[in-house]
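Participant: Please find structure.pdb (PDB, C-alpha atoms and all ligand atoms) on the next line:
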MODEL        1
ATOM      1  CA  ARG A  58       7.351  60.862-105.749
ATOM      2  CA  ALA A  59       7.608  64.383-104.431
ATOM      3  CA  LYS A  60       3.927  64.866-105.195
ATOM      4  CA  GLN A  61       2.968  61.773-103.253
ATOM      5  CA  GLN A  62       5.027  62.894-100.315
ATOM      6  CA  GLY A  63       3.324  66.262-100.495
ATOM      7  CA  ARG A  64      -0.114  64.631-100.265
ATOM      8  CA  ASN A  65       0.994  62.730 -97.212
ATOM      9  CA  GLY A  66       2.122  65.949 -95.639
ATOM     10  CA  TYR A  67       5.702  64.751 -95.424
ATOM     11  CA  SER A  68       7.135  66.926 -98.144
ATOM     12  CA  PHE A  69       9.938  68.080 -95.839
ATOM     13  CA  TYR A  70      10.900  64.450 -95.289
ATOM     14  CA  THR A  71      13.524  63.358 -97.771
ATOM     15  CA  PRO A  72      13.952  59.594 -98.141
ATOM     16  CA  GLU A  73      17.463  59.985 -96.720
ATOM     17  CA  LEU A  74      16.170  61.758 -93.644
ATOM     18  CA  GLN A  75      13.449  59.152 -93.160
ATOM     19  CA  SER A  76      15.826  56.226 -93.467
ATOM     20  CA  HIS A  77      18.220  57.944 -91.073
ATOM     21  CA  TYR A  78      15.368  58.307 -88.590
ATOM     22  CA  VAL A  79      14.296  54.691 -89.039
ATOM     23  CA  ARG A  80      17.870  53.506 -88.510
ATOM     24  CA  THR A  81      18.231  55.608 -85.363
ATOM     25  CA  LEU A  82      15.017  54.100 -83.933
ATOM     26  CA  LYS A  83      16.172  50.636 -84.870
ATOM     27  CA  LEU A  84      19.575  51.170 -83.285
ATOM     28  CA  GLU A  85      18.040  52.579 -80.130
ATOM     29  CA  ASN A  86      15.847  49.504 -79.710
ATOM     30  CA  ALA A  87      18.714  47.146 -80.436
ATOM     31  CA  LEU A  88      20.996  49.036 -78.058
ATOM     32  CA  ARG A  89      18.571  48.347 -75.204
ATOM     33  CA  ARG A  90      19.415  44.667 -75.479
ATOM     34  CA  ALA A  91      23.048  44.989 -76.526
ATOM     35  CA  LEU A  92      24.445  44.892 -72.992
ATOM     36  CA  GLU A  93      22.541  41.829 -71.768
ATOM     37  CA  GLN A  94      23.126  40.039 -75.073
ATOM     38  CA  ASP A  95      26.870  40.503 -74.800
ATOM     39  CA  GLN A  96      27.177  42.489 -78.031
ATOM     40  CA  LEU A  97      29.392  45.201 -76.528
ATOM     41  CA  SER A  98      33.122  44.890 -76.131
ATOM     42  CA  LEU A  99      36.148  47.094 -75.635
ATOM     43  CA  HIS A 100      39.152  47.566 -77.846
ATOM     44  CA  PHE A 101      42.334  49.069 -76.487
ATOM     45  CA  GLN A 102      44.600  51.466 -78.327
ATOM     46  CA  PRO A 103      48.226  51.684 -77.149
ATOM     47  CA  GLN A 104      49.597  55.032 -75.975
ATOM     48  CA  HIS A 105      53.335  55.624 -76.136
ATOM     49  CA  GLU A 106      55.840  58.042 -74.668
ATOM     50  CA  LEU A 107      57.517  59.565 -77.705
ATOM     51  CA  LEU A 108      61.025  60.060 -76.367
ATOM     52  CA  SER A 109      61.507  56.561 -74.959
ATOM     53  CA  GLY A 110      58.996  54.717 -77.126
ATOM     54  CA  ARG A 111      57.685  53.156 -73.922
ATOM     55  CA  LEU A 112      54.127  51.798 -73.852
ATOM     56  CA  VAL A 113      52.442  53.812 -71.101
ATOM     57  CA  GLY A 114      48.762  53.057 -71.409
ATOM     58  CA  ALA A 115      45.704  52.164 -73.401
ATOM     59  CA  GLU A 116      42.580  54.029 -74.383
ATOM     60  CA  ALA A 117      39.470  51.864 -74.016
ATOM     61  CA  LEU A 118      37.180  52.245 -77.034
ATOM     62  CA  LEU A 119      33.677  50.853 -77.098
ATOM     63  CA  ARG A 120      32.671  48.430 -79.840
ATOM     64  CA  TRP A 121      29.217  47.149 -80.776
ATOM     65  CA  LYS A 122      28.583  44.244 -83.081
ATOM     66  CA  HIS A 123      24.921  44.012 -83.995
ATOM     67  CA  PRO A 124      23.889  40.504 -85.164
ATOM     68  CA  GLU A 125      22.470  41.795 -88.482
ATOM     69  CA  LEU A 126      23.905  45.265 -88.977
ATOM     70  CA  GLY A 127      27.463  44.240 -88.097
ATOM     71  CA  TRP A 128      29.849  46.707 -86.471
ATOM     72  CA  VAL A 129      28.178  50.002 -85.636
ATOM     73  CA  PRO A 130      30.700  52.841 -85.135
ATOM     74  CA  PRO A 131      30.719  54.531 -81.700
ATOM     75  CA  ALA A 132      30.355  57.912 -83.410
ATOM     76  CA  GLU A 133      26.915  56.680 -84.462
ATOM     77  CA  PHE A 134      25.667  54.776 -81.402
ATOM     78  CA  VAL A 135      27.207  56.732 -78.500
ATOM     79  CA  PRO A 136      25.018  59.789 -79.289
ATOM     80  CA  ILE A 137      21.978  57.461 -79.465
ATOM     81  CA  ALA A 138      22.923  55.910 -76.128
ATOM     82  CA  GLU A 139      23.242  59.430 -74.771
ATOM     83  CA  SER A 140      19.889  60.754 -76.003
ATOM     84  CA  SER A 141      18.003  57.621 -74.914
ATOM     85  CA  GLY A 142      19.438  57.489 -71.409
ATOM     86  CA  LEU A 143      21.144  54.167 -72.109
ATOM     87  CA  ILE A 144      24.553  55.718 -71.624
ATOM     88  CA  GLY A 145      24.193  55.345 -67.821
ATOM     89  CA  PRO A 146      24.335  51.537 -67.681
ATOM     90  CA  ILE A 147      26.573  51.310 -70.769
ATOM     91  CA  GLY A 148      29.051  53.828 -69.369
ATOM     92  CA  ASP A 149      29.155  51.983 -66.039
ATOM     93  CA  TRP A 150      29.836  48.759 -67.904
ATOM     94  CA  VAL A 151      32.661  50.368 -69.923
ATOM     95  CA  LEU A 152      34.318  51.699 -66.784
ATOM     96  CA  GLY A 153      33.996  48.388 -64.917
ATOM     97  CA  GLN A 154      35.196  46.335 -67.866
ATOM     98  CA  ALA A 155      38.155  48.637 -68.602
ATOM     99  CA  LEU A 156      39.278  48.521 -64.959
ATOM    100  CA  ARG A 157      38.938  44.722 -64.737
ATOM    101  CA  GLN A 158      41.059  44.425 -67.852
ATOM    102  CA  LEU A 159      43.678  46.793 -66.473
ATOM    103  CA  ARG A 160      43.770  44.799 -63.216
ATOM    104  CA  SER A 161      44.467  41.643 -65.181
ATOM    105  CA  TRP A 162      47.281  43.300 -67.177
ATOM    106  CA  GLN A 163      48.786  44.678 -63.992
ATOM    107  CA  ALA A 164      48.657  41.146 -62.525
ATOM    108  CA  GLN A 165      50.496  39.931 -65.650
ATOM    109  CA  GLY A 166      53.339  42.258 -64.711
ATOM    110  CA  TYR A 167      52.469  45.435 -66.625
ATOM    111  CA  THR A 168      52.297  47.309 -63.352
ATOM    112  CA  GLU A 169      52.942  50.768 -64.819
ATOM    113  CA  LEU A 170      50.168  50.585 -67.395
ATOM    114  CA  CYS A 171      47.320  53.143 -67.191
ATOM    115  CA  ILE A 172      43.869  53.024 -68.723
ATOM    116  CA  ALA A 173      41.999  55.928 -70.329
ATOM    117  CA  VAL A 174      38.205  55.810 -70.453
ATOM    118  CA  ASN A 175      35.962  58.196 -72.413
ATOM    119  CA  LEU A 176      33.096  59.815 -70.550
ATOM    120  CA  SER A 177      29.931  61.053 -72.196
ATOM    121  CA  ALA A 178      28.272  64.348 -71.310
ATOM    122  CA  ALA A 179      25.518  62.654 -69.294
ATOM    123  CA  GLN A 180      28.022  60.586 -67.309
ATOM    124  CA  PHE A 181      30.068  63.648 -66.516
ATOM    125  CA  ARG A 182      26.977  65.598 -65.429
ATOM    126  CA  ALA A 183      25.767  62.864 -63.030
ATOM    127  CA  ALA A 184      26.056  64.234 -59.509
ATOM    128  CA  ASN A 185      27.283  60.873 -58.173
ATOM    129  CA  LEU A 186      30.060  60.415 -60.757
ATOM    130  CA  PRO A 187      32.915  60.409 -58.207
ATOM    131  CA  GLU A 188      31.118  57.819 -56.041
ATOM    132  CA  ARG A 189      30.452  55.635 -59.068
ATOM    133  CA  VAL A 190      34.064  55.847 -60.181
ATOM    134  CA  ALA A 191      35.326  55.134 -56.645
ATOM    135  CA  GLU A 192      33.080  52.087 -56.404
ATOM    136  CA  ARG A 193      34.295  50.680 -59.732
ATOM    137  CA  LEU A 194      37.929  51.238 -58.758
ATOM    138  CA  GLU A 195      37.395  49.471 -55.469
ATOM    139  CA  ARG A 196      35.594  46.534 -57.054
ATOM    140  CA  ALA A 197      38.312  46.085 -59.665
ATOM    141  CA  GLY A 198      41.115  46.539 -57.152
ATOM    142  CA  VAL A 199      42.786  49.242 -59.211
ATOM    143  CA  SER A 200      44.351  52.407 -57.799
ATOM    144  CA  ALA A 201      42.819  55.720 -58.835
ATOM    145  CA  ALA A 202      46.182  56.893 -60.155
ATOM    146  CA  SER A 203      46.084  54.394 -63.012
ATOM    147  CA  LEU A 204      42.757  55.697 -64.324
ATOM    148  CA  GLU A 205      42.450  58.627 -66.684
ATOM    149  CA  LEU A 206      39.028  59.938 -67.670
ATOM    150  CA  GLU A 207      38.728  61.601 -71.076
ATOM    151  CA  LEU A 208      36.352  64.517 -71.436
ATOM    152  CA  THR A 209      35.871  66.383 -74.663
ATOM    153  CA  GLU A 210      36.319  70.109 -74.748
ATOM    154  CA  SER A 211      32.667  70.559 -75.701
ATOM    155  CA  ILE A 212      31.424  68.509 -72.741
ATOM    156  CA  THR A 213      33.386  70.624 -70.291
ATOM    157  CA  MET A 214      32.422  73.928 -71.898
ATOM    158  CA  GLN A 215      28.655  73.200 -71.881
ATOM    159  CA  ASP A 216      28.603  74.216 -68.239
ATOM    160  CA  PRO A 217      32.157  75.116 -67.270
ATOM    161  CA  GLU A 218      31.387  76.173 -63.692
ATOM    162  CA  THR A 219      29.891  72.769 -62.886
ATOM    163  CA  ALA A 220      32.778  71.127 -64.734
ATOM    164  CA  VAL A 221      35.253  72.937 -62.473
ATOM    165  CA  LEU A 222      33.566  71.398 -59.409
ATOM    166  CA  ALA A 223      33.224  67.925 -60.920
ATOM    167  CA  MET A 224      36.907  67.885 -61.908
ATOM    168  CA  GLU A 225      37.865  69.010 -58.435
ATOM    169  CA  ARG A 226      36.017  66.027 -56.949
ATOM    170  CA  LEU A 227      37.653  63.613 -59.392
ATOM    171  CA  HIS A 228      40.999  65.132 -58.493
ATOM    172  CA  GLN A 229      40.298  64.530 -54.779
ATOM    173  CA  LEU A 230      39.700  60.902 -55.679
ATOM    174  CA  GLY A 231      43.137  60.735 -57.315
ATOM    175  CA  VAL A 232      41.782  60.161 -60.819
ATOM    176  CA  ARG A 233      43.384  62.065 -63.698
ATOM    177  CA  VAL A 234      41.449  63.958 -66.356
ATOM    178  CA  ALA A 235      42.443  64.428 -70.006
ATOM    179  CA  LEU A 236      40.835  66.943 -72.342
ATOM    180  CA  ASP A 237      39.985  65.015 -75.518
ATOM    181  CA  ASP A 238      39.761  66.362 -79.087
ATOM    182  CA  PHE A 239      41.506  69.530 -77.952
ATOM    183  CA  GLY A 240      41.322  72.365 -80.462
ATOM    184  CA  THR A 241      37.942  71.418 -81.900
ATOM    185  CA  GLY A 242      35.858  73.078 -79.177
ATOM    186  CA  TYR A 243      35.927  76.449 -77.552
ATOM    187  CA  SER A 244      37.924  76.163 -74.362
ATOM    188  CA  SER A 245      38.675  79.514 -72.883
ATOM    189  CA  LEU A 246      42.131  79.937 -71.494
ATOM    190  CA  SER A 247      40.787  81.043 -68.137
ATOM    191  CA  TYR A 248      38.927  77.742 -67.749
ATOM    192  CA  LEU A 249      41.929  75.753 -68.887
ATOM    193  CA  LYS A 250      43.645  77.249 -65.880
ATOM    194  CA  ARG A 251      40.779  76.511 -63.491
ATOM    195  CA  PHE A 252      40.025  72.969 -64.689
ATOM    196  CA  ARG A 253      41.815  70.226 -62.753
ATOM    197  CA  LEU A 254      43.373  68.772 -65.864
ATOM    198  CA  HIS A 255      46.260  66.422 -66.293
ATOM    199  CA  LYS A 256      46.589  66.195 -70.054
ATOM    200  CA  LEU A 257      45.592  67.742 -73.370
ATOM    201  CA  LYS A 258      44.908  65.391 -76.266
ATOM    202  CA  ILE A 259      45.549  67.172 -79.562
ATOM    203  CA  ASP A 260      42.741  66.279 -81.946
ATOM    204  CA  GLN A 261      43.666  64.056 -84.856
ATOM    205  CA  SER A 262      42.352  66.578 -87.389
ATOM    206  CA  PHE A 263      45.382  68.809 -86.654
ATOM    207  CA  VAL A 264      47.808  65.890 -86.812
ATOM    208  CA  HIS A 265      46.489  64.582 -90.118
ATOM    209  CA  ASP A 266      47.883  67.322 -92.401
ATOM    210  CA  LEU A 267      50.785  68.356 -90.218
ATOM    211  CA  GLU A 268      53.330  67.965 -93.006
ATOM    212  CA  ARG A 269      51.327  69.847 -95.656
ATOM    213  CA  ASP A 270      49.406  72.463 -93.713
ATOM    214  CA  ASP A 271      51.487  75.156 -92.026
ATOM    215  CA  ASP A 272      48.510  76.328 -89.958
ATOM    216  CA  ASP A 273      47.986  72.866 -88.522
ATOM    217  CA  ALA A 274      51.682  72.615 -87.753
ATOM    218  CA  THR A 275      51.499  75.954 -85.942
ATOM    219  CA  ILE A 276      48.409  74.910 -83.981
ATOM    220  CA  VAL A 277      50.084  71.690 -82.902
ATOM    221  CA  ARG A 278      53.280  73.487 -81.837
ATOM    222  CA  SER A 279      51.285  76.115 -79.930
ATOM    223  CA  THR A 280      49.166  73.497 -78.183
ATOM    224  CA  ILE A 281      52.293  71.668 -77.062
ATOM    225  CA  SER A 282      53.789  74.842 -75.633
ATOM    226  CA  LEU A 283      50.469  75.874 -74.069
ATOM    227  CA  ALA A 284      50.217  72.478 -72.333
ATOM    228  CA  THR A 285      53.824  72.596 -71.241
ATOM    229  CA  SER A 286      53.544  76.085 -69.784
ATOM    230  CA  LEU A 287      50.366  75.139 -67.911
ATOM    231  CA  GLY A 288      52.174  72.113 -66.476
ATOM    232  CA  LEU A 289      50.009  69.667 -68.395
ATOM    233  CA  GLN A 290      50.976  66.553 -70.266
ATOM    234  CA  VAL A 291      50.241  66.496 -73.973
ATOM    235  CA  LEU A 292      49.330  63.609 -76.276
ATOM    236  CA  ALA A 293      48.846  63.692 -80.043
ATOM    237  CA  GLU A 294      46.000  61.588 -81.434
ATOM    238  CA  GLY A 295      45.770  59.951 -84.838
ATOM    239  CA  VAL A 296      49.493  59.638 -85.586
ATOM    240  CA  GLU A 297      49.676  57.637 -88.786
ATOM    241  CA  THR A 298      53.061  58.389 -90.360
ATOM    242  CA  GLN A 299      56.695  58.403 -89.347
ATOM    243  CA  ALA A 300      56.933  62.042 -90.509
ATOM    244  CA  GLN A 301      54.161  63.043 -88.088
ATOM    245  CA  HIS A 302      55.913  61.115 -85.319
ATOM    246  CA  ASP A 303      59.216  62.886 -86.064
ATOM    247  CA  PHE A 304      57.552  66.301 -86.146
ATOM    248  CA  LEU A 305      55.846  65.702 -82.785
ATOM    249  CA  LEU A 306      59.026  64.414 -81.192
ATOM    250  CA  ARG A 307      60.946  67.496 -82.368
ATOM    251  CA  ALA A 308      58.156  69.784 -81.191
ATOM    252  CA  GLY A 309      58.394  68.346 -77.679
ATOM    253  CA  CYS A 310      55.145  66.387 -77.603
ATOM    254  CA  GLN A 311      55.325  63.822 -74.785
ATOM    255  CA  PHE A 312      52.863  61.125 -75.819
ATOM    256  CA  ALA A 313      51.192  59.799 -78.941
ATOM    257  CA  GLN A 314      48.684  57.248 -80.127
ATOM    258  CA  GLY A 315      47.632  56.280 -83.618
ATOM    259  CA  TYR A 316      47.704  53.695 -86.367
ATOM    260  CA  LEU A 317      51.486  54.165 -86.776
ATOM    261  CA  TYR A 318      51.928  52.319 -83.480
ATOM    262  CA  SER A 319      48.753  50.273 -83.445
ATOM    263  CA  ARG A 320      45.043  50.259 -84.179
ATOM    264  CA  PRO A 321      42.731  49.687 -81.230
ATOM    265  CA  LEU A 322      43.084  45.989 -80.319
ATOM    266  CA  PRO A 323      40.955  43.354 -78.586
ATOM    267  CA  ALA A 324      42.263  42.634 -75.070
ATOM    268  CA  ASP A 325      44.182  39.448 -75.918
ATOM    269  CA  GLU A 326      45.928  41.096 -78.873
ATOM    270  CA  PHE A 327      46.792  44.054 -76.686
ATOM    271  CA  SER A 328      48.505  41.653 -74.242
ATOM    272  CA  ARG A 329      50.655  40.282 -77.063
ATOM    273  CA  TYR A 330      51.428  43.818 -78.228
ATOM    274  CA  ALA A 331      52.481  44.777 -74.676
ATOM    275  CA  ALA A 332      54.695  41.698 -74.453
ATOM    276  CA  ARG A 333      56.431  42.670 -77.716
ATOM    277  CA  CYS A 334      56.958  46.234 -76.447
ATOM    278  CA  MET A 335      58.516  44.937 -73.213
ATOM    279  CA  SER A 336      60.908  42.646 -75.052
ATOM    280  CA  ILE A 337      62.087  45.549 -77.208
ATOM    281  CA  GLU A 338      62.610  47.817 -74.217
ATOM    282  CA  LEU A 339      64.431  45.296 -72.033
ATOM    283  CA  PRO A 340      68.059  44.497 -72.862
TER     284      PRO A 340
HETATM  285  P1  LIG B 401      38.102  59.584 -79.333
HETATM  286  O1  LIG B 401      37.965  59.384 -77.870
HETATM  287  O2  LIG B 401      38.743  60.832 -79.796
HETATM  288  O3  LIG B 401      38.894  58.300 -79.833
HETATM  289  C1  LIG B 401      39.838  58.308 -80.872
HETATM  290  C2  LIG B 401      39.249  57.760 -82.145
HETATM  291  O4  LIG B 401      40.229  57.850 -83.174
HETATM  292  C3  LIG B 401      38.867  56.284 -82.086
HETATM  293  O5  LIG B 401      37.738  56.110 -82.937
HETATM  294  C4  LIG B 401      40.096  55.595 -82.681
HETATM  295  O6  LIG B 401      39.821  54.316 -83.215
HETATM  296  C5  LIG B 401      40.448  56.580 -83.760
HETATM  297  N1  LIG B 401      41.870  56.527 -84.140
HETATM  298  C6  LIG B 401      42.910  56.159 -83.386
HETATM  299  N2  LIG B 401      44.076  56.270 -84.051
HETATM  300  C7  LIG B 401      43.765  56.736 -85.272
HETATM  301  C8  LIG B 401      44.554  57.069 -86.436
HETATM  302  O7  LIG B 401      45.769  56.965 -86.466
HETATM  303  N3  LIG B 401      43.862  57.540 -87.520
HETATM  304  C9  LIG B 401      42.512  57.679 -87.521
HETATM  305  N4  LIG B 401      41.922  58.143 -88.628
HETATM  306  N5  LIG B 401      41.735  57.379 -86.437
HETATM  307  C10 LIG B 401      42.363  56.912 -85.326
HETATM  308  P2  LIG B 401      36.483  55.254 -82.489
HETATM  309  O8  LIG B 401      36.929  54.050 -81.700
HETATM  310  O9  LIG B 401      35.650  55.050 -83.696
HETATM  311  O10 LIG B 401      35.732  56.211 -81.475
HETATM  312  C11 LIG B 401      35.178  57.418 -81.895
HETATM  313  C12 LIG B 401      34.715  58.251 -80.729
HETATM  314  O11 LIG B 401      33.629  57.601 -80.049
HETATM  315  C13 LIG B 401      35.776  58.456 -79.663
HETATM  316  O12 LIG B 401      36.662  59.487 -80.056
HETATM  317  C14 LIG B 401      34.914  58.820 -78.477
HETATM  318  O13 LIG B 401      34.543  60.168 -78.535
HETATM  319  C15 LIG B 401      33.683  57.967 -78.696
HETATM  320  N6  LIG B 401      33.780  56.768 -77.841
HETATM  321  C16 LIG B 401      34.423  55.598 -78.066
HETATM  322  N7  LIG B 401      34.289  54.754 -77.011
HETATM  323  C17 LIG B 401      33.552  55.433 -76.086
HETATM  324  C18 LIG B 401      33.069  55.100 -74.762
HETATM  325  O14 LIG B 401      33.340  54.037 -74.183
HETATM  326  N8  LIG B 401      32.306  56.062 -74.142
HETATM  327  C19 LIG B 401      32.025  57.259 -74.721
HETATM  328  N9  LIG B 401      31.292  58.131 -74.045
HETATM  329  N10 LIG B 401      32.472  57.586 -75.934
HETATM  330  C20 LIG B 401      33.223  56.693 -76.615
HETATM  331 MG    MG B 402      39.130  59.599 -76.313
HETATM  332 MG    MG B 403      39.939  62.304 -79.423
HETATM  333 MG    MG B 404      37.263  62.116 -81.611
ENDMDL
END
Would it be possible to restate this file's structure as structure tokens?

Facilitator:
Amino acid sequence: RAKQQGRNGYSFYTPELQSHYVRTLKLENALRRALEQDQLSLHFQPQHELLSGRLVGAEALLRWKHPELGWVPPAEFVPIAESSGLIGPIGDWVLGQALRQLRSWQAQGYTELCIAVNLSAAQFRAANLPERVAERLERAGVSAASLELELTESITMQDPETAVLAMERLHQLGVRVALDDFGTGYSSLSYLKRFRLHKLKIDQSFVHDLERDDDDATIVRSTISLATSLGLQVLAEGVETQAQHDFLLRAGCQFAQGYLYSRPLPADEFSRYAARCMSIELP
């Protein structure tokens, strides 16, 4: 087979690479129609305050169910949406949909609930981002204070000077910004100080082995104290066990999300989850 490939001049093309390429093309084409064909949806993962156990918010996570391929993970299709320019309309849809959902929960009485929405690099770079966000907030009838935008460390550090300005404009709007996957990128401390940030989200890779890996435990403790001394909130991602929860609580981490509390849920299941949380909290 290698010989045949050589004759075709594709000797550097392994079958795996080729099938990966074919799948990417296929996904890109399918993604073009996914929005209009109603194949996209949002799931919502609960976020809790550790000390009180209170449900404080939800992170909106994009889901795509392709009619033949089934569920395609966001880690696979978000980069494709990004490189093909489809992330513009898709990202606008995510923001609008997340805010409409929040509005409906707030109308159901969950007035304190906040929503966190992930932004891609291209969305964050768009010069009119603050206007777009303001328009979506207005249309949904949601106050800026109940929206948190999640930016990864790597997105902000691609062009930190521009990021400083963009965050300043979001701050003027009253929207909060969380730094996602913290610890996996290369944030410099000087930028952490200059960024208009509200929260650090400790990446789940550090939480995962917390009980077995002393280095991870140290990183988590240091991140919590770094956040605290910079006046930032701190949330641990990917909390799966009671032992991790206990460690984080003792270390002074304010917020957490993860399978221990709940997987990301469709909107109607999230409503039922919120109702259960309220009934536990209220006497
Ligand atoms: P992220 O923003 O860091 O989201 C957290 C991911 O961790 C989610 O994966 C969530 O389902 C998963 N997770 C939550 N709790 C646990 C846990 O206890 N254990 C483990 N192992 N995983 C947990 P998901 O939904 O597959 O999303 C992956 C990434 O895709 C997100 O990472 C985010 O970077 C991106 N993404 C998702 N939705 C959007 C979106 O609407 N826009 C953009 N730009 N990116 C998105
Ligand atoms: Mg996120
Ligand atoms: Mg994350
Ligand atoms: Mg992640």

Participant: Identify all residues satisfying the PyMOL selection byres (((chain A and resi 206-212) around 7) and not hetatm) in the given file; provide them as a PDB file with C-alpha atoms, keeping the file's coordinate frame.

Facilitator:
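As a result, expr.pdb now contains:
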ATOM      1  CA  ALA A 173      41.999  55.928 -70.329  1.00  0.00           C
ATOM      2  CA  VAL A 174      38.205  55.810 -70.453  1.00  0.00           C
ATOM      3  CA  ASN A 175      35.962  58.196 -72.413  1.00  0.00           C
ATOM      4  CA  LEU A 176      33.096  59.815 -70.550  1.00  0.00           C
ATOM      5  CA  ALA A 178      28.272  64.348 -71.310  1.00  0.00           C
ATOM      6  CA  LEU A 204      42.757  55.697 -64.324  1.00  0.00           C
ATOM      7  CA  GLU A 205      42.450  58.627 -66.684  1.00  0.00           C
ATOM      8  CA  THR A 213      33.386  70.624 -70.291  1.00  0.00           C
ATOM      9  CA  MET A 214      32.422  73.928 -71.898  1.00  0.00           C
ATOM     10  CA  GLN A 215      28.655  73.200 -71.881  1.00  0.00           C
ATOM     11  CA  ARG A 233      43.384  62.065 -63.698  1.00  0.00           C
ATOM     12  CA  VAL A 234      41.449  63.958 -66.356  1.00  0.00           C
ATOM     13  CA  ALA A 235      42.443  64.428 -70.006  1.00  0.00           C
ATOM     14  CA  LEU A 236      40.835  66.943 -72.342  1.00  0.00           C
ATOM     15  CA  ASP A 237      39.985  65.015 -75.518  1.00  0.00           C
ATOM     16  CA  ASP A 238      39.761  66.362 -79.087  1.00  0.00           C
ATOM     17  CA  PHE A 239      41.506  69.530 -77.952  1.00  0.00           C
ATOM     18  CA  GLY A 242      35.858  73.078 -79.177  1.00  0.00           C
ATOM     19  CA  TYR A 243      35.927  76.449 -77.552  1.00  0.00           C
ATOM     20  CA  SER A 244      37.924  76.163 -74.362  1.00  0.00           C
TER      21      SER A 244
END

Participant: Mind giving me the straight-line distance from CA of Asp216 in chain A to CA of Ser177 in chain A in Å, one decimal?

Facilitator: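 These atoms are spaced 13.8 Å apart.
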
Participant: How far is it from CA of Asp260 in chain A to CA of Glu133 in chain A, in Å with one decimal?

Facilitator: 18.7 Å

Participant: Output the residue selection produced by the PyMOL selection byres (((chain A and resi 142) around 12) and not hetatm) on the file above, formatted as a CSV table (one decimal) with C-alpha atoms, in the coordinates of the input.

Facilitator:
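Result went into part23.csv, see below:
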chain,number,residue,atom,x,y,z
A,85,GLU,CA,18.0,52.6,-80.1
A,88,LEU,CA,21.0,49.0,-78.1
A,89,ARG,CA,18.6,48.3,-75.2
A,135,VAL,CA,27.2,56.7,-78.5
A,136,PRO,CA,25.0,59.8,-79.3
A,137,ILE,CA,22.0,57.5,-79.5
A,138,ALA,CA,22.9,55.9,-76.1
A,139,GLU,CA,23.2,59.4,-74.8
A,140,SER,CA,19.9,60.8,-76.0
A,141,SER,CA,18.0,57.6,-74.9
A,143,LEU,CA,21.1,54.2,-72.1
A,144,ILE,CA,24.6,55.7,-71.6
A,145,GLY,CA,24.2,55.3,-67.8
A,146,PRO,CA,24.3,51.5,-67.7
A,147,ILE,CA,26.6,51.3,-70.8
A,148,GLY,CA,29.1,53.8,-69.4
A,177,SER,CA,29.9,61.1,-72.2
A,178,ALA,CA,28.3,64.3,-71.3
A,179,ALA,CA,25.5,62.7,-69.3
A,180,GLN,CA,28.0,60.6,-67.3
A,183,ALA,CA,25.8,62.9,-63.0

Participant: If you apply the PyMOL selection byres (((chain A and resi 122-132) around 8) and not hetatm) to this file, what residues do you get, as a list in words?

Facilitator: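 Residues picked by the PyMOL selection byres (((chain A and resi 122-132) around 8) and not hetatm): Ala87, Ala91, Gln96, Leu97, Leu119, Arg120, Trp121, Glu133, Phe134, Val135 and Pro136 of chain A.
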
Participant: Using only C-alpha atoms, collect all residues at a distance of at most 10 Å from (54.4, 43.5, -68.0) as written in the file, then present them as a list in words.

Facilitator: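 Selection result: Trp162, Gln163, Ala164, Gln165, Gly166, Tyr167, Thr168, Glu169, Leu170, Ser328, Ala331, Ala332, Arg333, Cys334, Met335 and Ser336 of chain A.
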
Participant: Counting all atoms listed in the file, what is within 12 Å of Arg269 in chain A, bar same-chain residues fewer than 4 positions away, as a ChimeraX atom specification?

Facilitator: /A:263-265,273-275,300-301,304

Participant: For each of A:Asn185, A:Ser279, A:Gln261, A:Thr241, take the minimum atom-to-atom distance to Gly295 in chain A, counting all atoms listed in the file, then give the residue where this is smallest.

Facilitator: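 Looking only at the distances to Gly295 in chain A, the closest residue turns out to be A:Gln261.
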
Participant: Any idea what the distance is between CA of Leu156 in chain A and atom N8 of ligand LIG 401 (chain B)?

Facilitator: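 Going from CA of Leu156 in chain A over to atom N8 of ligand LIG 401 (chain B), I get 13.8 Å.
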
Participant: Build an axis-aligned box that encloses every atom of range 244-253 of chain A listed in the file, pad it by 8 Å on each side, and report its centre and edge lengths in Å to one decimal, as JSON.

Facilitator:
{"center_x": 40.8, "center_y": 75.6, "center_z": -68.6, "size_x": 21.7, "size_y": 26.8, "size_z": 27.6}

Participant: From the list A:Pro103, A:Pro72, A:Pro187, A:Pro217, which residue is nearest Lys250 in chain A when using all atoms listed in the file?

Facilitator: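 Under the stated criterion, the closest residue is A:Pro217.
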
Participant: Rank nothing, just name the residue among A:Leu84, A:Ala313, A:Leu230, A:Asp270 nearest to ligand MG 403 (chain B), using only C-alpha atoms and all ligand atoms.

Facilitator: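 Selected residue with least distance to ligand MG 403 (chain B): A:Ala313.
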
Participant: Which residue is closest to Glu268 in chain A? Choose from A:Glu297, A:Gln314, A:Arg196, A:Ser109 and count all atoms listed in the file.

Facilitator: A:Glu297

Participant: Nearest to ligand MG 402 (chain B) among A:Leu222, A:Leu317, A:Leu249, A:Leu257, with distances taken over all atoms listed in the file: which residue is it?

Facilitator: A:Leu257

Participant: Would you mind telling me which residue in A:Gly153, A:Gly240, A:Gly231, A:Gly114 lies nearest to ligand MG 403 (chain B) when using only C-alpha atoms and all ligand atoms?

Facilitator: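 Ranked by minimum distance to ligand MG 403 (chain B), first place goes to A:Gly240.
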